[in-house]
>>> print(open('start_0.pdb').read())   # PDB, C-alpha atoms
ATOM      1  CA  MET A   1       0.000   0.000   0.000
ATOM      2  CA  HIS A   2       1.211   3.481  -0.908
ATOM      3  CA  GLU A   3       2.674   5.357   2.072
ATOM      4  CA  TYR A   4       0.333   8.322   1.665
ATOM      5  CA  GLN A   5      -2.704   6.038   1.386
ATOM      6  CA  TYR A   6      -1.604   4.214   4.506
ATOM      7  CA  LYS A   7      -1.179   7.460   6.451
ATOM      8  CA  LEU A   8      -4.613   8.726   5.371
ATOM      9  CA  LEU A   9      -6.205   5.426   6.301
ATOM     10  CA  ARG A  10      -4.570   5.458   9.740
ATOM     11  CA  ASP A  11      -5.798   9.025  10.344
ATOM     12  CA  ILE A  12      -9.340   8.028   9.365
ATOM     13  CA  MET A  13      -9.160   4.959  11.632
ATOM     14  CA  ALA A  14      -8.087   7.155  14.550
ATOM     15  CA  LEU A  15     -10.914   9.630  13.901
ATOM     16  CA  ASP A  16     -13.473   6.841  13.496
ATOM     17  CA  PHE A  17     -12.421   5.360  16.807
ATOM     18  CA  THR A  18     -12.720   8.728  18.551
ATOM     19  CA  ILE A  19     -16.149   9.305  17.039
ATOM     20  CA  LEU A  20     -17.291   5.848  18.166
ATOM     21  CA  GLU A  21     -16.054   6.455  21.721
ATOM     22  CA  LEU A  22     -17.921   9.755  21.900
ATOM     23  CA  ALA A  23     -21.035   8.147  20.381
ATOM     24  CA  LEU A  24     -21.062   5.354  22.979
ATOM     25  CA  TYR A  25     -20.621   7.974  25.710
ATOM     26  CA  LEU A  26     -23.478  10.031  24.235
ATOM     27  CA  ASP A  27     -25.692   6.921  24.109
ATOM     28  CA  THR A  28     -25.689   6.967  27.932
ATOM     29  CA  HIS A  29     -25.162  10.747  28.317
ATOM     30  CA  PRO A  30     -27.383  12.270  25.602
ATOM     31  CA  ARG A  31     -27.383  15.676  27.326
ATOM     32  CA  ASP A  32     -23.611  16.121  27.686
ATOM     33  CA  LYS A  33     -23.038  19.321  25.707
ATOM     34  CA  LYS A  34     -19.259  19.066  25.568
ATOM     35  CA  ALA A  35     -19.353  15.494  24.277
ATOM     36  CA  LEU A  36     -21.880  16.385  21.598
ATOM     37  CA  LYS A  37     -19.880  19.413  20.455
ATOM     38  CA  ASP A  38     -16.656  17.415  20.250
ATOM     39  CA  HIS A  39     -18.392  14.518  18.484
ATOM     40  CA  ASN A  40     -19.745  16.821  15.791
ATOM     41  CA  GLU A  41     -16.350  18.488  15.307
ATOM     42  CA  TYR A  42     -14.601  15.147  14.822
ATOM     43  CA  VAL A  43     -17.336  14.059  12.406
ATOM     44  CA  ARG A  44     -16.753  17.170  10.293
ATOM     45  CA  GLU A  45     -13.004  16.537  10.286
ATOM     46  CA  ARG A  46     -13.564  12.932   9.296
ATOM     47  CA  LYS A  47     -15.873  13.891   6.413
ATOM     48  CA  LYS A  48     -13.081  15.960   4.881
ATOM     49  CA  LEU A  49     -10.453  13.240   5.213
ATOM     50  CA  LYS A  50     -12.798  10.536   3.931
ATOM     51  CA  GLU A  51     -13.553  12.592   0.830
ATOM     52  CA  ILE A  52      -9.849  12.979   0.057
ATOM     53  CA  TYR A  53      -9.217   9.267   0.636
ATOM     54  CA  GLU A  54     -12.143   8.017  -1.441
ATOM     55  CA  GLU A  55     -11.426  10.384  -4.274
ATOM     56  CA  LYS A  56      -7.901   8.974  -4.619
ATOM     57  CA  TYR A  57      -8.300   5.369  -3.541
ATOM     58  CA  GLY A  58     -11.900   4.408  -4.116
ATOM     59  CA  PRO A  59     -14.991   3.948  -1.970
ATOM     60  CA  LEU A  60     -14.822   2.652   1.597
ATOM     61  CA  THR A  61     -18.483   1.603   1.456
ATOM     62  CA  LEU A  62     -20.670   0.426  -1.394
ATOM     63  CA  ALA A  63     -22.725   3.618  -1.044
ATOM     64  CA  GLU A  64     -20.076   5.964  -2.383
ATOM     65  CA  THR A  65     -19.386   6.914  -5.996
ATOM     66  CA  SER A  66     -16.810   4.893  -7.886
ATOM     67  CA  GLU A  67     -14.734   5.208 -11.010
ATOM     68  CA  TYR A  68     -14.915   2.507 -13.675
ATOM     69  CA  PRO A  69     -14.512  -0.428 -13.071
ATOM     70  CA  TRP A  70     -16.251  -0.875  -9.694
ATOM     71  CA  ARG A  71     -13.490   0.057  -7.229
ATOM     72  CA  TYR A  72     -15.270  -1.016  -4.056
ATOM     73  CA  ILE A  73     -14.241  -4.665  -4.542
ATOM     74  CA  ALA A  74     -10.597  -3.919  -5.377
ATOM     75  CA  ASP A  75      -7.865  -5.651  -3.366
ATOM     76  CA  PRO A  76      -6.550  -5.464  -0.757
ATOM     77  CA  TRP A  77      -9.402  -6.263   1.594
ATOM     78  CA  PRO A  78      -8.913  -5.258   5.227
ATOM     79  CA  TRP A  79      -7.671  -8.659   6.457
ATOM     80  CA  GLU A  80      -5.037  -8.750   3.700
ATOM     81  CA  ILE A  81      -3.379  -5.425   4.447
ATOM     82  CA  LYS A  82       0.093  -5.506   6.022
ATOM     83  CA  TYR A  83      -0.040  -2.774   8.645
TER      84      TYR A  83
ATOM     85  CA  MET B  84     -34.150   8.342  52.352
ATOM     86  CA  SER B  85     -33.784   9.024  56.071
ATOM     87  CA  GLU B  86     -30.954   7.759  58.227
ATOM     88  CA  SER B  87     -33.176   5.189  59.904
ATOM     89  CA  THR B  88     -34.400   3.504  56.702
ATOM     90  CA  ARG B  89     -31.034   3.321  54.934
ATOM     91  CA  HIS B  90     -29.836  -0.251  55.271
ATOM     92  CA  TYR B  91     -26.178   0.214  54.397
ATOM     93  CA  HIS B  92     -23.404   1.968  56.292
ATOM     94  CA  ASP B  93     -21.648   4.092  53.740
ATOM     95  CA  ASP B  94     -22.616   7.781  53.934
ATOM     96  CA  MET B  95     -21.079   8.415  50.528
ATOM     97  CA  TYR B  96     -23.870   6.680  48.593
ATOM     98  CA  PRO B  97     -27.290   8.205  49.303
ATOM     99  CA  ASP B  98     -30.431   6.822  47.661
ATOM    100  CA  MET B  99     -28.967   3.425  46.952
ATOM    101  CA  GLU B 100     -30.836   0.209  47.543
ATOM    102  CA  LEU B 101     -29.826  -3.236  48.656
ATOM    103  CA  ALA B 102     -29.589  -6.028  46.082
ATOM    104  CA  ARG B 103     -28.507  -3.652  43.306
ATOM    105  CA  ALA B 104     -25.140  -3.022  41.689
ATOM    106  CA  TYR B 105     -24.070   0.539  40.860
ATOM    107  CA  VAL B 106     -21.367   1.668  38.445
ATOM    108  CA  PRO B 107     -20.451   5.369  38.845
ATOM    109  CA  ILE B 108     -21.515   7.557  35.913
ATOM    110  CA  GLN B 109     -18.484   8.854  34.024
ATOM    111  CA  ILE B 110     -18.039  12.609  33.502
ATOM    112  CA  TYR B 111     -16.259  13.476  30.241
ATOM    113  CA  ASP B 112     -13.477  15.989  30.591
ATOM    114  CA  MET B 113      -9.985  15.090  29.378
ATOM    115  CA  SER B 114      -9.254  12.981  26.321
ATOM    116  CA  TYR B 115      -6.407  11.502  24.320
ATOM    117  CA  ARG B 116      -5.589  12.700  20.795
ATOM    118  CA  PRO B 117      -7.277  10.371  18.278
ATOM    119  CA  ALA B 118      -4.080   8.513  17.260
ATOM    120  CA  VAL B 119      -3.155   7.944  20.903
ATOM    121  CA  ALA B 120      -6.729   6.918  21.754
ATOM    122  CA  LEU B 121      -6.668   4.246  19.028
ATOM    123  CA  SER B 122      -3.346   2.839  20.216
ATOM    124  CA  LYS B 123      -4.558   2.673  23.836
ATOM    125  CA  GLY B 124      -8.057   1.375  23.061
ATOM    126  CA  THR B 125      -9.840   4.246  24.765
ATOM    127  CA  PHE B 126     -10.426   7.974  24.221
ATOM    128  CA  PHE B 127     -10.749   8.581  27.975
ATOM    129  CA  PRO B 128      -7.689   8.566  30.276
ATOM    130  CA  GLU B 129      -9.828   7.705  33.327
ATOM    131  CA  LEU B 130     -10.907   4.443  31.655
ATOM    132  CA  TYR B 131      -7.425   3.365  30.586
ATOM    133  CA  ARG B 132      -6.551   0.154  32.511
ATOM    134  CA  PRO B 133      -3.441  -1.448  30.997
ATOM    135  CA  TYR B 134      -2.902  -5.126  31.766
ATOM    136  CA  MET B 135       0.222  -5.729  33.775
ATOM    137  CA  VAL B 136       1.299  -9.335  33.990
ATOM    138  CA  LYS B 137       2.633  -9.753  37.510
ATOM    139  CA  ASN B 138       5.571 -12.089  37.863
ATOM    140  CA  PRO B 139       4.080 -14.973  39.843
ATOM    141  CA  TYR B 140       7.451 -16.201  41.073
TER     142      TYR B 140
ATOM    143  CA  MET C 141     -29.617  -1.949   8.870
ATOM    144  CA  TRP C 142     -25.896  -2.480   8.586
ATOM    145  CA  ILE C 143     -23.305  -0.770   6.441
ATOM    146  CA  TYR C 144     -19.874  -2.301   6.026
ATOM    147  CA  GLU C 145     -16.822  -0.103   5.969
ATOM    148  CA  LYS C 146     -13.859  -1.559   4.158
ATOM    149  CA  LYS C 147     -11.305  -1.095   6.910
ATOM    150  CA  LEU C 148     -10.407  -2.707  10.221
ATOM    151  CA  GLN C 149     -11.158  -0.857  13.435
ATOM    152  CA  TYR C 150      -7.544  -1.459  14.557
ATOM    153  CA  PRO C 151      -4.395  -2.115  12.472
ATOM    154  CA  VAL C 152      -3.567  -5.782  13.024
ATOM    155  CA  ARG C 153       0.062  -6.897  12.780
ATOM    156  CA  VAL C 154       1.606 -10.320  13.281
ATOM    157  CA  SER C 155       5.361 -10.993  13.216
ATOM    158  CA  ALA C 156       5.113 -14.506  11.815
ATOM    159  CA  THR C 157       2.669 -17.354  11.241
ATOM    160  CA  ASP C 158       1.833 -19.146  14.481
ATOM    161  CA  LEU C 159      -0.576 -22.063  14.434
ATOM    162  CA  ARG C 160      -0.380 -22.583  18.195
ATOM    163  CA  MET C 161      -1.721 -19.089  18.831
ATOM    164  CA  ALA C 162      -4.234 -19.312  15.974
ATOM    165  CA  LYS C 163      -5.809 -22.317  17.714
ATOM    166  CA  PHE C 164      -6.164 -20.377  20.992
ATOM    167  CA  LEU C 165      -7.619 -17.341  19.212
ATOM    168  CA  PHE C 166     -10.614 -19.394  18.065
ATOM    169  CA  ALA C 167     -11.802 -18.926  21.659
ATOM    170  CA  GLN C 168     -12.648 -15.344  20.725
ATOM    171  CA  TYR C 169     -13.879 -16.205  17.239
ATOM    172  CA  GLY C 170     -16.463 -18.839  18.152
ATOM    173  CA  GLY C 171     -16.190 -19.605  21.840
ATOM    174  CA  PRO C 172     -18.608 -18.826  24.689
ATOM    175  CA  ASP C 173     -17.114 -15.423  25.497
ATOM    176  CA  SER C 174     -16.197 -14.589  21.914
ATOM    177  CA  GLU C 175     -16.821 -11.407  19.964
ATOM    178  CA  LEU C 176     -19.455 -13.362  18.037
ATOM    179  CA  SER C 177     -21.364 -14.148  21.238
ATOM    180  CA  ALA C 178     -21.132 -10.526  22.318
ATOM    181  CA  GLY C 179     -22.366  -9.182  18.970
ATOM    182  CA  VAL C 180     -25.297 -11.573  18.671
ATOM    183  CA  ARG C 181     -26.233 -11.122  22.336
ATOM    184  CA  TYR C 182     -26.377  -7.316  22.290
ATOM    185  CA  LEU C 183     -27.975  -7.045  18.849
ATOM    186  CA  THR C 184     -30.694  -9.474  19.966
ATOM    187  CA  GLN C 185     -31.329  -7.903  23.393
ATOM    188  CA  ARG C 186     -31.732  -4.415  21.935
ATOM    189  CA  TYR C 187     -35.262  -5.034  20.647
ATOM    190  CA  THR C 188     -36.822  -5.258  24.091
ATOM    191  CA  MET C 189     -34.979  -2.456  25.885
ATOM    192  CA  PRO C 190     -37.393   0.126  27.371
ATOM    193  CA  ILE C 191     -35.378   3.341  26.903
ATOM    194  CA  SER C 192     -33.628   4.872  23.908
ATOM    195  CA  GLU C 193     -30.273   5.073  25.700
ATOM    196  CA  ALA C 194     -30.229   1.278  25.996
ATOM    197  CA  LYS C 195     -31.476   0.683  22.447
ATOM    198  CA  GLY C 196     -28.722   2.939  21.121
ATOM    199  CA  LEU C 197     -25.992   1.491  23.287
ATOM    200  CA  LEU C 198     -26.780  -2.170  22.589
ATOM    201  CA  THR C 199     -26.998  -1.450  18.858
ATOM    202  CA  ASP C 200     -23.693   0.415  18.815
ATOM    203  CA  ILE C 201     -21.697  -1.912  21.056
ATOM    204  CA  GLY C 202     -23.214  -4.917  19.255
ATOM    205  CA  THR C 203     -22.037  -3.466  15.963
ATOM    206  CA  GLU C 204     -18.574  -2.776  17.381
ATOM    207  CA  GLU C 205     -18.335  -6.414  18.509
ATOM    208  CA  LEU C 206     -18.810  -7.543  14.903
ATOM    209  CA  ALA C 207     -15.874  -5.288  14.003
ATOM    210  CA  HIS C 208     -13.898  -7.076  16.725
ATOM    211  CA  TRP C 209     -14.998 -10.437  15.317
ATOM    212  CA  GLU C 210     -13.391  -9.253  12.082
ATOM    213  CA  ILE C 211     -10.161  -8.393  13.933
ATOM    214  CA  ILE C 212      -9.966 -11.889  15.450
ATOM    215  CA  ALA C 213     -10.635 -13.365  12.010
ATOM    216  CA  THR C 214      -7.814 -11.239  10.582
ATOM    217  CA  LEU C 215      -5.412 -12.408  13.302
ATOM    218  CA  ILE C 216      -6.243 -16.073  12.641
ATOM    219  CA  TYR C 217      -6.084 -15.561   8.863
ATOM    220  CA  LYS C 218      -2.594 -14.022   9.092
ATOM    221  CA  LEU C 219      -1.335 -16.645  11.543
ATOM    222  CA  VAL C 220      -2.506 -19.587   9.412
ATOM    223  CA  LYS C 221      -1.716 -18.275   5.936
ATOM    224  CA  GLY C 222       0.307 -20.611   3.760
ATOM    225  CA  LYS C 223       0.626 -23.416   6.296
ATOM    226  CA  SER C 224       0.532 -27.039   5.133
ATOM    227  CA  PRO C 225      -1.868 -29.755   6.342
ATOM    228  CA  GLU C 226       1.063 -31.430   8.112
ATOM    229  CA  GLU C 227       1.905 -28.261  10.025
ATOM    230  CA  LEU C 228      -1.748 -27.790  10.954
ATOM    231  CA  GLU C 229      -2.024 -31.363  12.200
ATOM    232  CA  LYS C 230       1.131 -30.957  14.284
ATOM    233  CA  ALA C 231      -0.371 -27.857  15.926
ATOM    234  CA  GLY C 232      -3.570 -29.667  16.833
ATOM    235  CA  LEU C 233      -5.575 -28.162  13.975
ATOM    236  CA  GLY C 234      -5.829 -31.436  12.010
ATOM    237  CA  ALA C 235      -9.544 -31.825  12.702
ATOM    238  CA  HIS C 236     -10.104 -28.226  11.662
ATOM    239  CA  PHE C 237      -8.236 -28.845   8.391
ATOM    240  CA  ALA C 238     -10.248 -32.004   7.694
ATOM    241  CA  GLN C 239     -13.514 -30.088   7.879
ATOM    242  CA  HIS C 240     -12.510 -26.540   6.921
ATOM    243  CA  ASP C 241      -9.088 -26.503   5.217
ATOM    244  CA  THR C 242      -7.413 -23.250   6.316
ATOM    245  CA  ALA C 243     -10.726 -21.435   6.226
ATOM    246  CA  LEU C 244     -12.238 -19.820   9.283
ATOM    247  CA  TYR C 245     -15.140 -21.344  11.157
ATOM    248  CA  PRO C 246     -16.966 -20.225  14.295
ATOM    249  CA  HIS C 247     -15.802 -22.789  16.834
ATOM    250  CA  ASP C 248     -13.892 -22.401  20.088
ATOM    251  CA  ALA C 249     -10.250 -23.225  20.907
ATOM    252  CA  ALA C 250     -11.161 -26.901  21.293
ATOM    253  CA  GLY C 251     -13.182 -27.074  18.077
ATOM    254  CA  VAL C 252     -16.627 -26.924  19.720
ATOM    255  CA  PRO C 253     -18.974 -25.102  17.310
ATOM    256  CA  TRP C 254     -20.614 -21.848  18.368
ATOM    257  CA  THR C 255     -24.106 -22.107  19.796
ATOM    258  CA  ALA C 256     -26.822 -19.650  20.805
ATOM    259  CA  ALA C 257     -26.733 -21.421  24.186
ATOM    260  CA  TYR C 258     -23.771 -19.120  24.909
ATOM    261  CA  ILE C 259     -26.102 -16.131  25.093
ATOM    262  CA  GLN C 260     -29.229 -15.311  27.011
ATOM    263  CA  VAL C 261     -31.944 -12.791  26.261
ATOM    264  CA  THR C 262     -34.401 -12.953  29.141
ATOM    265  CA  GLY C 263     -36.509  -9.977  28.082
ATOM    266  CA  ASP C 264     -35.996  -8.379  31.507
ATOM    267  CA  PRO C 265     -33.806  -5.359  30.709
ATOM    268  CA  ILE C 266     -32.136  -5.336  34.151
ATOM    269  CA  THR C 267     -31.240  -9.013  33.908
ATOM    270  CA  ASP C 268     -30.034  -8.623  30.339
ATOM    271  CA  LEU C 269     -27.750  -5.718  31.268
ATOM    272  CA  TYR C 270     -26.208  -7.707  34.122
ATOM    273  CA  GLU C 271     -25.587 -10.503  31.603
ATOM    274  CA  ASP C 272     -23.860  -7.970  29.357
ATOM    275  CA  MET C 273     -21.640  -6.694  32.179
ATOM    276  CA  ALA C 274     -20.659 -10.268  33.028
ATOM    277  CA  ALA C 275     -19.955 -10.959  29.350
ATOM    278  CA  GLU C 276     -17.558  -8.003  29.182
ATOM    279  CA  GLN C 277     -15.684  -9.278  32.236
ATOM    280  CA  LYS C 278     -15.418 -12.779  30.789
ATOM    281  CA  ALA C 279     -14.095 -11.399  27.528
ATOM    282  CA  ARG C 280     -11.573  -9.206  29.368
ATOM    283  CA  THR C 281     -10.302 -12.176  31.334
ATOM    284  CA  THR C 282     -10.065 -14.325  28.205
ATOM    285  CA  TYR C 283      -7.982 -11.618  26.527
ATOM    286  CA  GLU C 284      -5.692 -11.517  29.550
ATOM    287  CA  HIS C 285      -5.182 -15.277  29.216
ATOM    288  CA  LEU C 286      -4.471 -14.924  25.500
ATOM    289  CA  ILE C 287      -2.027 -12.044  26.038
ATOM    290  CA  ARG C 288      -0.067 -14.277  28.415
ATOM    291  CA  LEU C 289       0.033 -17.063  25.825
ATOM    292  CA  THR C 290       2.004 -15.073  23.219
ATOM    293  CA  ASP C 291       5.236 -13.092  22.905
ATOM    294  CA  ASP C 292       4.413 -11.640  19.478
ATOM    295  CA  PRO C 293       4.201  -7.850  19.992
ATOM    296  CA  GLY C 294       1.715  -7.368  17.148
ATOM    297  CA  ILE C 295      -0.666  -9.969  18.571
ATOM    298  CA  LYS C 296      -0.235  -8.564  22.093
ATOM    299  CA  ASP C 297      -1.074  -5.084  20.773
ATOM    300  CA  ALA C 298      -4.288  -6.175  19.070
ATOM    301  CA  LEU C 299      -5.378  -8.254  22.070
ATOM    302  CA  SER C 300      -4.610  -5.377  24.465
ATOM    303  CA  PHE C 301      -6.757  -3.090  22.335
ATOM    304  CA  LEU C 302      -9.629  -5.566  22.403
ATOM    305  CA  ARG C 303      -9.180  -6.053  26.158
ATOM    306  CA  GLN C 304      -9.375  -2.301  26.821
ATOM    307  CA  ARG C 305     -12.574  -2.140  24.766
ATOM    308  CA  GLU C 306     -14.174  -4.602  27.188
ATOM    309  CA  VAL C 307     -13.327  -2.256  30.090
ATOM    310  CA  ASN C 308     -15.028   0.643  28.296
ATOM    311  CA  HIS C 309     -18.057  -1.454  27.370
ATOM    312  CA  PHE C 310     -18.460  -2.551  30.982
ATOM    313  CA  GLN C 311     -18.574   1.106  32.050
ATOM    314  CA  ARG C 312     -21.214   1.898  29.401
ATOM    315  CA  PHE C 313     -23.393  -1.083  30.300
ATOM    316  CA  GLY C 314     -23.092  -0.072  33.955
ATOM    317  CA  GLU C 315     -24.367   3.394  33.052
ATOM    318  CA  ALA C 316     -27.185   1.932  30.948
ATOM    319  CA  LEU C 317     -28.160  -0.245  33.903
ATOM    320  CA  ARG C 318     -28.459   2.874  36.103
ATOM    321  CA  ARG C 319     -30.559   4.651  33.459
ATOM    322  CA  VAL C 320     -32.886   1.657  33.039
ATOM    323  CA  GLN C 321     -33.129   1.178  36.806
ATOM    324  CA  GLU C 322     -34.047   4.858  37.289
ATOM    325  CA  TYR C 323     -36.636   4.612  34.521
ATOM    326  CA  LEU C 324     -38.203   1.511  36.012
ATOM    327  CA  ASP C 325     -38.193   3.086  39.468
ATOM    328  CA  GLY C 326     -40.277   5.876  37.987
ATOM    329  CA  LYS C 327     -37.581   8.482  38.382
ATOM    330  CA  LYS C 328     -36.798  10.624  35.368
ATOM    331  CA  TYR C 329     -33.148  11.570  35.290
ATOM    332  CA  TYR C 330     -33.749  14.702  33.218
TER     333      TYR C 330
END
>>> encode(input="start_0.pdb", output="structure tokens")
Amino acid sequence: MHEYQYKLLRDIMALDFTILELALYLDTHPRDKKALKDHNEYVRERKKLKEIYEEKYGPLTLAETSEYPWRYIADPWPWEIKY
Amino acid sequence: MSESTRHYHDDMYPDMELARAYVPIQIYDMSYRPAVALSKGTFFPELYRPYMVKNPY
Amino acid sequence: MWIYEKKLQYPVRVSATDLRMAKFLFAQYGGPDSELSAGVRYLTQRYTMPISEAKGLLTDIGTEELAHWEIIATLIYKLVKGKSPEELEKAGLGAHFAQHDTALYPHDAAGVPWTAAYIQVTGDPITDLYEDMAAEQKARTTYEHLIRLTDDPGIKDALSFLRQREVNHFQRFGEALRRVQEYLDGKKYY
């Protein structure tokens, strides 16, 4: 995997994890204003990074646009990547 | 709940009942940077509990 | 409904193939306290939770457990890759090879296939949340056992990550229990 692709992917993974942690916290603390604010900020940051990644390297889910031929299925799949 | 009807000794936990387990509610304040959070497995320093293998011998 | 994202939750590294460890890791792929049990348990309990906090939490942790199931699968896949039938037999995976080649299959470390008997959904939200808290402790302990069984730093890293997740989940389920208890007691917390 290209070094830049790998770095982008790692940054997205870190953001996704942070967003998940805040979401689980919000599930049991729906009225925590700080958590909600931070969650939304990280989501906005992630959106930007994800757009850059998918534009260069193809869709991360089947619900994103793809160049021809269908890039969603392209190797490597997550269990094949050497981290 | 008045002093006389509370059936446990600890003054630190008002309004608790017998035969129930209570986990304290976390209050979000500090956090790790995302990359650090991922490597540790938690975004919250107060929940970080690394496993230390004690030497049994 | 579920959407799949084509990436692992955590970057999984192994230093070398290791059939001995792969065999033990099946405990968390298809054993009683596996990620599969956790995912199915929470995603099944969620339907009869009385408050939205619990419905959200069980859905989201249940979904995360499937992502962990994928991490365990990735560990096993990398540890078994390219090994011969002879090597598998020597490592005690001969029966697995006979029935599954080097493919994955949801059974435990001894080859016992996964069963719904590993989970309970009583329909009483308090009871179900206590079951979930116990499940997180059992998974944490199993990860501690597995961490002690390997010296591979990549495997230790991934297992430590998964172990820490169980600690966090326990905290969340504990909070959900309090919310459900308050609701059932007739107290509104907001």
>>> closest_atom_pairs(input="start_0.pdb", of="chain B", to="chain A", cutoff="12 Å", atoms="only C-alpha atoms", output="tab-separated table")
residue	atom	partner	partner_atom	distance
B:Ile108	CA	A:His29	CA	9.0
B:Gln109	CA	A:Tyr25	CA	8.6
B:Ile110	CA	A:Asp32	CA	8.8
B:Tyr111	CA	A:Ala35	CA	7.0
B:Asp112	CA	A:Lys34	CA	8.3
B:Met113	CA	A:Ala35	CA	10.7
B:Ser114	CA	A:Thr18	CA	9.5
B:Tyr115	CA	A:Thr18	CA	9.0
B:Arg116	CA	A:Thr18	CA	8.5
B:Pro117	CA	A:Ala14	CA	5.0
B:Ala118	CA	A:Ala14	CA	5.0
B:Val119	CA	A:Ala14	CA	8.1
B:Ala120	CA	A:Thr18	CA	7.0
B:Leu121	CA	A:Ala14	CA	5.5
B:Ser122	CA	A:Ala14	CA	8.6
B:Lys123	CA	A:Phe17	CA	10.9
B:Gly124	CA	A:Phe17	CA	8.6
B:Thr125	CA	A:Glu21	CA	7.3
B:Phe126	CA	A:Thr18	CA	6.2
B:Phe127	CA	A:Glu21	CA	8.5
B:Leu130	CA	A:Glu21	CA	11.4
>>> closest_residue(input="start_0.pdb", among="A:Glu51, A:Glu41, A:Asp27, A:Asp75", to="chain C", atoms="all atoms listed in the file")
A:Asp27
>>> residues_around(input="start_0.pdb", residues="Trp70 in chain A", least_positions_apart="3", cutoff="12 Å", atoms="only C-alpha atoms", output="short mmCIF file (atom, residue, chain, number, x, y, z; two decimals) with C-alpha atoms, keeping the file's coordinate frame")
data_model
loop_
_atom_site.label_atom_id
_atom_site.label_comp_id
_atom_site.auth_asym_id
_atom_site.auth_seq_id
_atom_site.Cartn_x
_atom_site.Cartn_y
_atom_site.Cartn_z
CA TYR A 57 -8.30 5.37 -3.54
CA GLY A 58 -11.90 4.41 -4.12
CA PRO A 59 -14.99 3.95 -1.97
CA LEU A 60 -14.82 2.65 1.60
CA THR A 61 -18.48 1.60 1.46
CA LEU A 62 -20.67 0.43 -1.39
CA ALA A 63 -22.72 3.62 -1.04
CA GLU A 64 -20.08 5.96 -2.38
CA THR A 65 -19.39 6.91 -6.00
CA SER A 66 -16.81 4.89 -7.89
CA GLU A 67 -14.73 5.21 -11.01
CA ILE A 73 -14.24 -4.66 -4.54
CA ALA A 74 -10.60 -3.92 -5.38
CA ASP A 75 -7.86 -5.65 -3.37
#
>>> resolve_selection(input="start_0.pdb", expression="the PyMOL selection byres ((chain C) within 6 of (chain B))", output="number ranges by chain")
C: 301, 304-305, 314-315
>>> write_last_selection(input="start_0.pdb", atoms="C-alpha atoms", output="tab-separated table (two decimals), in the frame of the given file")
chain	number	residue	atom	x	y	z
C	301	PHE	CA	-6.76	-3.09	22.34
C	304	GLN	CA	-9.38	-2.30	26.82
C	305	ARG	CA	-12.57	-2.14	24.77
C	314	GLY	CA	-23.09	-0.07	33.96
C	315	GLU	CA	-24.37	3.39	33.05
>>> resolve_selection(input="start_0.pdb", expression="the PyMOL selection byres ((chain C and resi 223-230) around 10)", output="ChimeraX atom specification")
/C:157-160,163,219-222,231-238,241-242
>>> write_last_selection(input="start_0.pdb", atoms="C-alpha atoms", output="mmCIF file, in the coordinates of the input")
data_model
loop_
_atom_site.group_PDB
_atom_site.id
_atom_site.type_symbol
_atom_site.label_atom_id
_atom_site.label_comp_id
_atom_site.auth_asym_id
_atom_site.auth_seq_id
_atom_site.Cartn_x
_atom_site.Cartn_y
_atom_site.Cartn_z
ATOM 1 C CA THR C 157 2.669 -17.354 11.241
ATOM 2 C CA ASP C 158 1.833 -19.146 14.481
ATOM 3 C CA LEU C 159 -0.576 -22.063 14.434
ATOM 4 C CA ARG C 160 -0.380 -22.583 18.195
ATOM 5 C CA LYS C 163 -5.809 -22.317 17.714
ATOM 6 C CA LEU C 219 -1.335 -16.645 11.543
ATOM 7 C CA VAL C 220 -2.506 -19.587 9.412
ATOM 8 C CA LYS C 221 -1.716 -18.275 5.936
ATOM 9 C CA GLY C 222 0.307 -20.611 3.760
ATOM 10 C CA ALA C 231 -0.371 -27.857 15.926
ATOM 11 C CA GLY C 232 -3.570 -29.667 16.833
ATOM 12 C CA LEU C 233 -5.575 -28.162 13.975
ATOM 13 C CA GLY C 234 -5.829 -31.436 12.010
ATOM 14 C CA ALA C 235 -9.544 -31.825 12.702
ATOM 15 C CA HIS C 236 -10.104 -28.226 11.662
ATOM 16 C CA PHE C 237 -8.236 -28.845 8.391
ATOM 17 C CA ALA C 238 -10.248 -32.004 7.694
ATOM 18 C CA ASP C 241 -9.088 -26.503 5.217
ATOM 19 C CA THR C 242 -7.413 -23.250 6.316
#
>>> axis_aligned_box(input="start_0.pdb", around="range 164-178 of chain C", padding_each_side="5 Å", output="lines of an AutoDock Vina configuration file")
center_x = -13.8
center_y = -15.5
center_z = 21.4
size_x = 25.2
size_y = 19.9
size_z = 18.3
>>> interface_residues(input="start_0.pdb", of="chain C", to="chain A", cutoff="9 Å", atoms="only C-alpha atoms", output="number ranges by chain")
C: 143-154, 192-197, 200-201, 204, 210-211, 213-215, 217-218, 308-309, 312-313, 315-316, 319, 330
>>> closest_residue(input="start_0.pdb", among="A:Glu54, A:Leu49, A:His39, A:Tyr4", to="Arg71 in chain A", atoms="all atoms listed in the file")
A:Glu54
>>> build_atoms(input="start_0.pdb", residues="range 320-324 of chain C", atoms="N, CA and C atoms", output="PDB file, in the frame of the given file")
ATOM      1  N   VAL C 320     -31.707   2.531  33.111  1.00  0.00           N
ATOM      2  CA  VAL C 320     -32.886   1.657  33.039  1.00  0.00           C
ATOM      3  C   VAL C 320     -33.501   1.495  34.428  1.00  0.00           C
ATOM      4  N   GLN C 321     -32.646   1.329  35.427  1.00  0.00           N
ATOM      5  CA  GLN C 321     -33.129   1.178  36.806  1.00  0.00           C
ATOM      6  C   GLN C 321     -33.929   2.410  37.222  1.00  0.00           C
ATOM      7  N   GLU C 322     -33.352   3.602  36.955  1.00  0.00           N
ATOM      8  CA  GLU C 322     -34.047   4.858  37.289  1.00  0.00           C
ATOM      9  C   GLU C 322     -35.385   4.937  36.577  1.00  0.00           C
ATOM     10  N   TYR C 323     -35.398   4.564  35.311  1.00  0.00           N
ATOM     11  CA  TYR C 323     -36.636   4.612  34.521  1.00  0.00           C
ATOM     12  C   TYR C 323     -37.686   3.684  35.134  1.00  0.00           C
ATOM     13  N   LEU C 324     -37.255   2.474  35.460  1.00  0.00           N
ATOM     14  CA  LEU C 324     -38.203   1.511  36.012  1.00  0.00           C
ATOM     15  C   LEU C 324     -38.652   1.889  37.422  1.00  0.00           C
TER      16      LEU C 324
END
